[in-house]
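S.K.: Structure below; questions to follow.
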Amino acid sequence: MPFTSSAARAARGSDRAGTRLLDLQRRRAGRLLVAPALVVITAMTVVPLVMAFFLSFTRYDLLTAPRFVGLANYTEVLTDPVFGRVTVNTLVFAVGQVAVGIVVTFLVAMLFNQRLVASSLMRTTVYLPQAMSYVTVALLWSFLYDPFNGPLNAVIQYLGGPQVNFLTETSLAMPSIMVMSLWRNFGYFMIILLAGLKAIPPELLEAAQIDGAGALRRLIHVTIPQMRRSLLFVTVTWFMGGLQMFTQAYVMTQGGPENATRSVVYEIYRSAFSDLNIGRACAVSVLMFLFVAAFGLPLRLIEHLRARRASGR
């Protein structure tokens, strides 16, 4: 009996040692597999971030050596009224296209969630603009908006309306760019919401209908709660993309008229490559990074806590 117990203990000890060795080998293999990606991420993301943070405290024009100026770049940026206008433009664009886009894409996704004739062809057609680059879409819509030869003005004037300067009127330039961006991004986010709708268990909707819930109550109490993660993903992703608006303004309006479509990223580009003020451009970049982090990290933390609470951990 003692011999049997000793043999069993030795076998268990050997199993534990083998398990630890296997875990160690797996961890080592995992590190080796992840190492190339970490090197690329470090070289392409972390290093530029550190360099931008350092250069934001310097005066640098790409021709002479950086000269340390402390917080002068930040003071210049934060006291510049043009930068305030640029920040408002960017937030208006990001919030506006998300507010309108979420409603429209959700309604169209619900429409496509029904059994429609040629629904696959319609989904493909709606998604096609996403396959086009922003430059191509911006040039296309610049032609559509053209006050002299554009088809939109041709239709308006045919109906007896006045000529509309979509891209040269300060009150119309930003809404016009928002419409173009919505048209380009609409299909991508609609497909995501449609996938979320199809993932809702039909038993939930059937149970709600049996309980006497109408279409509106099923939408509010069943569909939207089940779509929470998809809606959150679309909202955050679309908003973050809106904050990076550049190509539309660069191609269609060059930031005009009167800075009406000048965005934060356009300001970074202008400071760096037009004025050769790399320090100021890096300061604006750091401020934008801090804003995005302050917006995104709490949302990520809240979603993580909700997921842990839902899993019972």
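Here, A, B, ... name the chains of the structure tokens in the order displayed, residue numbers run from 1 inside each chain, and ligands are numbered from 1 in the same displayed order.
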Apply DSSP to the backbone of this structure and, from segment 78-257 of chain A, keep only the residues in helix (DSSP H, G or I); write these as number ranges by chain.
M.R.: A: 78, 81-112, 119-131, 134-145, 151-158, 170-198, 202-210, 215-226, 228-243, 247-252
S.K.: May I have the selected residues written with C-alpha atoms, as a tab-separated table (two decimals), in the first residue's frame?
M.R.:
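Dumped to again-v1.tsv:
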```tsv
chain	number	residue	atom	x	y	z
A	78	LEU	CA	-4.87	76.50	-27.97
A	81	PRO	CA	-9.11	81.15	-32.96
A	82	VAL	CA	-8.69	79.30	-36.27
A	83	PHE	CA	-7.90	76.09	-34.40
A	84	GLY	CA	-11.07	76.58	-32.36
A	85	ARG	CA	-13.05	76.85	-35.59
A	86	VAL	CA	-11.26	73.78	-36.94
A	87	THR	CA	-12.11	71.78	-33.83
A	88	VAL	CA	-15.78	72.75	-34.04
A	89	ASN	CA	-15.86	71.83	-37.74
A	90	THR	CA	-14.43	68.40	-37.00
A	91	LEU	CA	-16.85	67.69	-34.17
A	92	VAL	CA	-19.83	68.92	-36.22
A	93	PHE	CA	-18.82	66.66	-39.09
A	94	ALA	CA	-18.21	63.60	-36.87
A	95	VAL	CA	-21.31	63.98	-34.70
A	96	GLY	CA	-23.53	65.01	-37.61
A	97	GLN	CA	-22.72	62.10	-39.87
A	98	VAL	CA	-23.03	59.62	-36.99
A	99	ALA	CA	-26.38	61.02	-35.81
A	100	VAL	CA	-27.89	60.95	-39.27
A	101	GLY	CA	-26.05	57.87	-40.47
A	102	ILE	CA	-27.03	55.60	-37.58
A	103	VAL	CA	-30.72	56.30	-38.09
A	104	VAL	CA	-30.64	55.88	-41.87
A	105	THR	CA	-28.43	52.77	-41.90
A	106	PHE	CA	-30.50	51.12	-39.16
A	107	LEU	CA	-33.76	51.73	-41.01
A	108	VAL	CA	-32.33	50.43	-44.29
A	109	ALA	CA	-30.83	47.41	-42.52
A	110	MET	CA	-34.26	46.61	-41.08
A	111	LEU	CA	-35.71	46.91	-44.59
A	112	PHE	CA	-33.11	44.54	-46.03
A	119	SER	CA	-32.25	41.75	-51.94
A	120	SER	CA	-28.74	40.42	-52.60
A	121	LEU	CA	-28.39	42.65	-55.66
A	122	MET	CA	-29.64	45.67	-53.70
A	123	ARG	CA	-27.21	45.00	-50.83
A	124	THR	CA	-24.34	44.76	-53.30
A	125	THR	CA	-25.39	48.00	-54.97
A	126	VAL	CA	-25.59	49.82	-51.65
A	127	TYR	CA	-22.16	48.53	-50.63
A	128	LEU	CA	-20.40	49.45	-53.91
A	129	PRO	CA	-19.40	53.05	-52.91
A	130	GLN	CA	-17.35	51.57	-50.04
A	131	ALA	CA	-15.10	49.93	-52.65
A	134	TYR	CA	-12.30	58.79	-50.98
A	135	VAL	CA	-10.47	60.67	-53.75
A	136	THR	CA	-12.63	59.05	-56.43
A	137	VAL	CA	-15.82	59.71	-54.49
A	138	ALA	CA	-14.79	63.30	-53.77
A	139	LEU	CA	-14.11	63.98	-57.46
A	140	LEU	CA	-17.43	62.38	-58.43
A	141	TRP	CA	-19.40	64.50	-55.97
A	142	SER	CA	-17.46	67.62	-56.93
A	143	PHE	CA	-18.84	67.12	-60.42
A	144	LEU	CA	-22.35	66.52	-59.05
A	145	TYR	CA	-22.12	69.72	-56.99
A	151	PRO	CA	-26.51	67.51	-62.71
A	152	LEU	CA	-27.84	68.57	-59.29
A	153	ASN	CA	-27.93	72.23	-60.28
A	154	ALA	CA	-29.34	71.27	-63.68
A	155	VAL	CA	-32.29	69.57	-61.97
A	156	ILE	CA	-32.78	72.45	-59.51
A	157	GLN	CA	-32.77	75.06	-62.26
A	158	TYR	CA	-35.04	72.92	-64.46
A	170	THR	CA	-20.13	78.66	-45.99
A	171	SER	CA	-23.51	77.37	-44.82
A	172	LEU	CA	-23.66	74.57	-47.40
A	173	ALA	CA	-20.06	73.36	-47.76
A	174	MET	CA	-19.89	71.19	-44.64
A	175	PRO	CA	-23.38	69.64	-45.06
A	176	SER	CA	-22.48	68.87	-48.69
A	177	ILE	CA	-19.32	67.05	-47.61
A	178	MET	CA	-21.29	65.20	-44.94
A	179	VAL	CA	-23.78	63.96	-47.54
A	180	MET	CA	-20.93	62.71	-49.72
A	181	SER	CA	-19.29	60.93	-46.78
A	182	LEU	CA	-22.59	59.35	-45.73
A	183	TRP	CA	-23.10	58.03	-49.26
A	184	ARG	CA	-19.60	56.54	-49.31
A	185	ASN	CA	-19.72	54.88	-45.85
A	186	PHE	CA	-23.40	53.98	-45.76
A	187	GLY	CA	-23.08	50.47	-47.23
A	188	TYR	CA	-20.32	49.30	-44.90
A	189	PHE	CA	-22.13	50.17	-41.69
A	190	MET	CA	-25.47	49.01	-43.06
A	191	ILE	CA	-24.01	45.52	-43.62
A	192	ILE	CA	-22.74	45.45	-40.02
A	193	LEU	CA	-26.15	46.40	-38.63
A	194	LEU	CA	-27.85	43.91	-40.95
A	195	ALA	CA	-25.60	41.15	-39.60
A	196	GLY	CA	-26.57	42.20	-36.07
A	197	LEU	CA	-30.27	42.05	-36.96
A	198	LYS	CA	-29.92	38.56	-38.42
A	202	PRO	CA	-36.31	34.85	-33.82
A	203	GLU	CA	-37.76	33.20	-30.68
A	204	LEU	CA	-37.39	36.49	-28.80
A	205	LEU	CA	-39.40	38.42	-31.37
A	206	GLU	CA	-42.01	35.66	-31.57
A	207	ALA	CA	-42.37	35.56	-27.78
A	208	ALA	CA	-42.80	39.33	-27.64
A	209	GLN	CA	-45.42	39.17	-30.39
A	210	ILE	CA	-47.30	36.42	-28.56
A	215	ALA	CA	-43.93	46.41	-33.90
A	216	LEU	CA	-42.76	49.56	-32.10
A	217	ARG	CA	-42.54	47.86	-28.69
A	218	ARG	CA	-40.65	44.93	-30.21
A	219	LEU	CA	-38.23	47.39	-31.76
A	220	ILE	CA	-37.65	49.30	-28.52
A	221	HIS	CA	-37.61	46.42	-26.02
A	222	VAL	CA	-36.18	43.55	-28.09
A	223	THR	CA	-34.42	44.61	-31.28
A	224	ILE	CA	-32.47	47.64	-30.07
A	225	PRO	CA	-31.24	46.00	-26.80
A	226	GLN	CA	-30.09	42.97	-28.79
A	228	ARG	CA	-26.50	47.24	-28.49
A	229	ARG	CA	-23.02	45.96	-29.32
A	230	SER	CA	-23.44	46.40	-33.07
A	231	LEU	CA	-24.79	49.92	-32.60
A	232	LEU	CA	-21.95	50.79	-30.22
A	233	PHE	CA	-19.34	49.47	-32.67
A	234	VAL	CA	-20.84	51.41	-35.57
A	235	THR	CA	-21.17	54.60	-33.51
A	236	VAL	CA	-17.61	54.55	-32.18
A	237	THR	CA	-16.04	53.48	-35.48
A	238	TRP	CA	-17.97	56.05	-37.51
A	239	PHE	CA	-17.22	58.81	-35.00
A	240	MET	CA	-13.50	58.00	-34.95
A	241	GLY	CA	-13.45	58.00	-38.73
A	242	GLY	CA	-15.22	61.35	-38.77
A	243	LEU	CA	-12.55	62.86	-36.56
A	247	THR	CA	-9.50	63.84	-48.09
A	248	GLN	CA	-12.99	65.26	-48.61
A	249	ALA	CA	-11.96	68.77	-47.60
A	250	TYR	CA	-8.60	68.58	-49.38
A	251	VAL	CA	-10.06	67.47	-52.72
A	252	MET	CA	-13.39	69.33	-52.73
```
S.K.: As a compact mmCIF listing (two decimals) with all heavy atoms, in the first residue's frame, which residues of segment 4-252 of chain A does DSSP assign to strand (DSSP E or B)?
M.R.:
```txt
# COMPACT_ATOMS: atom_id res chain seq x y z
N THR A 58 9.21 71.25 -29.71
CA THR A 58 10.34 71.86 -30.43
C THR A 58 9.84 72.74 -31.57
O THR A 58 8.68 72.66 -31.97
CB THR A 58 11.26 70.78 -31.02
OG1 THR A 58 10.56 70.05 -32.05
CG2 THR A 58 11.71 69.81 -29.95
N ARG A 59 10.74 73.55 -32.08
CA ARG A 59 10.52 74.29 -33.32
C ARG A 59 11.36 73.59 -34.38
O ARG A 59 12.58 73.57 -34.32
CB ARG A 59 10.96 75.74 -33.17
CG ARG A 59 10.57 76.63 -34.33
CD ARG A 59 9.09 76.95 -34.30
NE ARG A 59 8.75 77.78 -33.14
CZ ARG A 59 7.52 78.06 -32.77
NH1 ARG A 59 6.49 77.53 -33.46
NH2 ARG A 59 7.28 78.82 -31.71
N ARG A 67 14.64 72.67 -32.22
CA ARG A 67 15.01 73.57 -31.12
C ARG A 67 13.92 73.53 -30.07
O ARG A 67 12.75 73.79 -30.37
CB ARG A 67 15.20 74.99 -31.66
CG ARG A 67 15.58 76.02 -30.59
CD ARG A 67 15.97 77.32 -31.26
NE ARG A 67 14.93 77.82 -32.15
CZ ARG A 67 13.92 78.60 -31.75
NH1 ARG A 67 13.82 78.94 -30.46
NH2 ARG A 67 13.02 79.02 -32.61
N PHE A 68 14.29 73.20 -28.84
CA PHE A 68 13.32 73.05 -27.76
C PHE A 68 12.69 74.39 -27.43
O PHE A 68 13.37 75.39 -27.19
CB PHE A 68 14.00 72.47 -26.52
CG PHE A 68 13.05 72.20 -25.39
CD1 PHE A 68 12.21 71.09 -25.40
CD2 PHE A 68 12.98 73.07 -24.31
CE1 PHE A 68 11.34 70.85 -24.37
CE2 PHE A 68 12.10 72.83 -23.27
CZ PHE A 68 11.27 71.71 -23.30
```
S.K.: Please measure the separation of atom CA of Tyr60 of chain A and atom CA of Gly279 of chain A, giving the value in Å to one decimal.
M.R.: 5.6 Å
S.K.: To one decimal in Å, tell me the separation between atom CA of Glu76 of chain A and atom CA of Ser271 of chain A.
M.R.: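 The value is 12.2 Å.
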S.K.: Could you jot down the atom CA of Ala52 of chain A to atom CA of Cys282 of chain A separation for me, Å, one decimal place?
M.R.: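 Computed distance, atom CA of Ala52 of chain A to atom CA of Cys282 of chain A, equals 5.2 Å.
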S.K.: In terms of the shortest atom-to-atom distance over only C-alpha atoms, which of A:Gln244, A:Ser133, A:Gln25, A:Asn277 is closest to Val265 of chain A?
M.R.: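 Comparing A:Gln244, A:Ser133, A:Gln25, A:Asn277 against Val265 of chain A, the winner is A:Gln244.
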